[in-house]
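Only one structure is covered here, and it is reproduced in the block below.
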Amino acid sequence: MKRIAIVLLALIGTCVGLQAQKQRGDSISLRPSFGVDFSSEVHTDCREGRLANLLQLYADIPITRKLLLEVHSISTLSSDELPLCIDVQGYSNINTYGVNIPFALSVAGLTWQINERHSVFAGIRRTDEDYFCSDGLSLFTNSSCGIFPTLSWNAYIATYPEADVGIHYKFDNEKLCLQASLYNGEGNHAFTGRYNVFRFCPNSDGLLALAQAEYRHRNSHYFLGANIHTQPEITSSVWAYAEQALSPRLTLLAAYSHAFGSTTVCKDFCGLGAKYAFKRAELGVFTDYVRILGFNEWATELICSLPLTDFLTVKPVLHVITTDGETACIGMLRMDISF
């Protein structure tokens, strides 16, 4: 761990030094950027409480005008191994339920900006860096709004907090965004041993391939995607979701995903929601249905995002979750700090 941290710091320092030498001619296009995001949550069912914390560090360092070094990390700390209710989706998308991670890579690799529209990334990456991270879904804290359970429950793929070796291609213009990725079939967060994040073993882990198209029109967004996983047998899923703007402030959300394969434990996911912008604040509601491991679950989330300063946002949240006929209400308060 210490050796890897020293190597990363040395690499970052070297790249920063290279940029300083080019400061006069390339001060804008070749300037490195760094960022820090911290999220902290309090969960309660009026009887017990839980805490969940996530720290994310970002370093994006241009090497040339077309080549960018990206190094992003996560650190997690959760207070308890058990959630407040036995749900199958996860009402908190940052809670790792006692699997505390001092330091792990979420992104580490090179992006080649071929031209204004085409780019290719190679290295360590999480799938949810690029997929299921639209403006509408990212408002909510339900884990299914970060990646659909038809993917995350049917294969141990590289989604939060795991990452993996992969290649990601992106085409982006004003109306259309096309993405395609190929990953090692099993996600990891360690640096050594069987579960190291640098592992690439398609024979035992399989491969994960994803593709998605996004069409934009008058502040509305429409997504259509599919994935294939090859181990222990070939399984696949398709998904579609839309963010339909009804007015400059009101947007409706709809999502559906279906998984194929005889060994899948989650076949279908569907959800409906809306978000409303009021000055700087955002109000959101999202309700979804899923059947996992024979359990039927309806989950509804009410959230309000309140920016207090340019770097501090507070989000009170209420989850109403019915799993296998039993209903639980979970209150949350999230604080997001970004620099």
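Going through the structure tokens in order, the chains are called A, B, and so on, while each chain numbers its residues from 1 and the ligands are numbered from 1 in the order shown.
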Practice prompt. Return as a ChimeraX atom specification the full set of residues in segment 221-296 of chain A whose backbone-based DSSP assignment is strand (DSSP E).
Written response: /A:221-229,235-245,250-260,266-278,281-292,295-296
Practice task
List the neighbours of Thr96 of chain A out to 12 Å using only C-alpha atoms; skip same-chain residues closer than 5 positions along the sequence, and give me the result as a PyMOL selection string.
Solution key: chain A and resi 50-54+74-83+90-91+101+143+160-162
Output file for the selection above: C-alpha atoms, as a compact mmCIF listing (two decimals), in the first residue's frame:
```
# COMPACT_ATOMS: atom_id res chain seq x y z
CA ARG A 50 -25.99 4.43 11.39
CA LEU A 51 -23.18 6.45 9.82
CA ALA A 52 -21.65 6.19 6.35
CA ASN A 53 -18.78 8.25 4.93
CA LEU A 54 -17.12 8.51 1.54
CA ILE A 74 -12.13 6.43 -2.74
CA SER A 75 -12.00 5.85 1.02
CA THR A 76 -15.05 4.55 2.89
CA LEU A 77 -16.05 4.23 6.54
CA SER A 78 -19.36 2.76 7.74
CA SER A 79 -20.37 2.37 11.37
CA ASP A 80 -22.16 -0.96 11.20
CA GLU A 81 -22.21 -4.14 9.13
CA LEU A 82 -26.01 -4.37 9.17
CA PRO A 83 -28.47 -1.92 7.57
CA GLY A 90 -29.58 -0.63 -0.63
CA TYR A 91 -31.07 2.69 0.42
CA ILE A 101 -11.77 0.75 2.64
CA SER A 143 -28.28 2.31 -4.95
CA TYR A 160 -18.91 1.01 -6.45
CA PRO A 161 -16.82 0.38 -4.43
CA GLU A 162 -15.06 -1.97 -6.85
```
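Taking only C-alpha atoms, the non-local environment of Trp239 of chain A within 10 Å (same-chain residues fewer than 5 positions away omitted) comprises Phe148, Thr150, Leu151, Gln212, Phe223, Leu224, Gly225, Ala226, Asn227, Ala255, Tyr256, Ser257, His258, Ala259, Asp268, Phe269 and Cys270 of chain A.
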field: A:Asn173, A:Ser181, A:Ser138, A:Gln89 ranked by distance to Ala122 of chain A, top pick (using only C-alpha atoms)
entry: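 Among the listed residues, the smallest separation from Ala122 of chain A belongs to A:Ser181.
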(Q) Using only C-alpha atoms, which protein or nucleic acid residues come within 8 Å of Asp324 of chain A? Drop anything in the same chain fewer than 4 positions from it, and give the result as a list in words. (A)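 Close residues of Asp324 of chain A: Phe295, Asn296 and Glu297 of chain A.
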Would you put the residues from that selection into a file with C-alpha atoms, as a CSV table (one decimal), in the first residue's frame?
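Now in again25.csv:
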```csv
chain,number,residue,atom,x,y,z
A,295,PHE,CA,-38.2,-11.1,-2.7
A,296,ASN,CA,-40.5,-8.4,-4.1
A,297,GLU,CA,-39.5,-4.9,-3.1
```
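Computed from the coordinates, the atom CA of Cys177 of chain A to atom CA of Arg117 of chain A distance equals 9.1 Å.
Residues with any atom within 8 Å of Thr44 of chain A, counting only C-alpha atoms and excluding same-chain neighbours fewer than 5 positions away, are Gly49, Arg50, Leu84, Ile330, Gly331 and Met332 of chain A.
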Residue contacts of Cys329 of chain A (9 Å, only C-alpha atoms) excluding same-chain residues fewer than 3 positions away, as number ranges by chain:
A: 44-46, 85, 318-322
Would you put the residues from that selection into a file with N, CA and C atoms, as a JSON list (two decimals), in the first residue's frame?
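Result saved to out-v2.json:
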```
[["chain", "number", "residue", "atom", "x", "y", "z"],
["A", 44, "THR", "N", -31.42, 6.75, 10.22],
["A", 44, "THR", "CA", -32.15, 6.39, 11.43],
["A", 44, "THR", "C", -33.53, 5.86, 11.08],
["A", 45, "ASP", "N", -34.00, 4.91, 11.88],
["A", 45, "ASP", "CA", -35.38, 4.44, 11.80],
["A", 45, "ASP", "C", -36.15, 4.84, 13.05],
["A", 46, "CYS", "N", -35.66, 5.86, 13.75],
["A", 46, "CYS", "CA", -36.22, 6.38, 15.01],
["A", 46, "CYS", "C", -35.94, 5.47, 16.20],
["A", 85, "CYS", "N", -32.74, -1.84, 7.85],
["A", 85, "CYS", "CA", -33.82, -2.72, 7.41],
["A", 85, "CYS", "C", -33.25, -3.72, 6.41],
["A", 318, "LEU", "N", -36.01, 10.75, 2.79],
["A", 318, "LEU", "CA", -36.91, 9.77, 3.41],
["A", 318, "LEU", "C", -37.09, 8.60, 2.46],
["A", 319, "HIS", "N", -36.82, 7.37, 2.98],
["A", 319, "HIS", "CA", -37.03, 6.15, 2.22],
["A", 319, "HIS", "C", -38.19, 5.37, 2.84],
["A", 320, "VAL", "N", -39.11, 4.94, 2.00],
["A", 320, "VAL", "CA", -40.20, 4.04, 2.40],
["A", 320, "VAL", "C", -40.02, 2.76, 1.59],
["A", 321, "ILE", "N", -39.68, 1.67, 2.28],
["A", 321, "ILE", "CA", -39.26, 0.44, 1.60],
["A", 321, "ILE", "C", -40.15, -0.71, 2.06],
["A", 322, "THR", "N", -40.76, -1.40, 1.12],
["A", 322, "THR", "CA", -41.57, -2.59, 1.42],
["A", 322, "THR", "C", -40.90, -3.80, 0.78]]
```
Within 7 Å of Thr230 of chain A, counting only C-alpha atoms, which residues qualify if same-chain residues fewer than 4 places away don't, as a ChimeraX atom specification? /A:206-208,234-235
Let's have the selection written as a PDB file, in the first residue's frame, with C-alpha atoms.
```pdb
ATOM      1  CA  GLY A 206     -14.991 -13.677 -17.512  1.00  0.00           C
ATOM      2  CA  LEU A 207     -15.417 -10.446 -19.427  1.00  0.00           C
ATOM      3  CA  LEU A 208     -17.947  -7.644 -19.095  1.00  0.00           C
ATOM      4  CA  ILE A 234     -23.144 -15.947 -20.770  1.00  0.00           C
ATOM      5  CA  THR A 235     -25.749 -13.572 -19.364  1.00  0.00           C
TER       6      THR A 235
END
```
* To do: Would you work out the distance separating atom CA of Ser237 of chain A from atom CA of Phe260 of chain A, expressed in Å to one decimal?
  =>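 Here the two named atoms are 5.7 Å from each other.
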**Request:** From a DSSP pass on the backbone, collect the residues of segment 147-256 of chain A flagged as alpha helix (DSSP H) and hand them back as a PyMOL selection string.
**Result:** chain A and resi 149-152+202-205
Can you write just those residues out, C-alpha atoms, as a short mmCIF file (atom, residue, chain, number, x, y, z; two decimals), in the first residue's frame?
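The file below, selection.cif, is the result:
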```cif
data_model
loop_
_atom_site.label_atom_id
_atom_site.label_comp_id
_atom_site.auth_asym_id
_atom_site.auth_seq_id
_atom_site.Cartn_x
_atom_site.Cartn_y
_atom_site.Cartn_z
CA PRO A 149 -29.77 -4.40 -9.98
CA THR A 150 -30.20 -6.42 -13.19
CA LEU A 151 -26.44 -5.83 -13.60
CA SER A 152 -25.09 -5.55 -10.05
CA PRO A 202 -10.94 -13.58 -18.39
CA ASN A 203 -10.68 -17.38 -18.10
CA SER A 204 -11.80 -17.39 -14.44
CA ASP A 205 -13.45 -13.95 -14.06
#
```
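Comparing the minimum interatomic distances between Arg249 of chain A and each of A:Gly294, A:Thr263, A:Gln231, A:Ala274, counting only C-alpha atoms, we find that A:Ala274 sits nearest.
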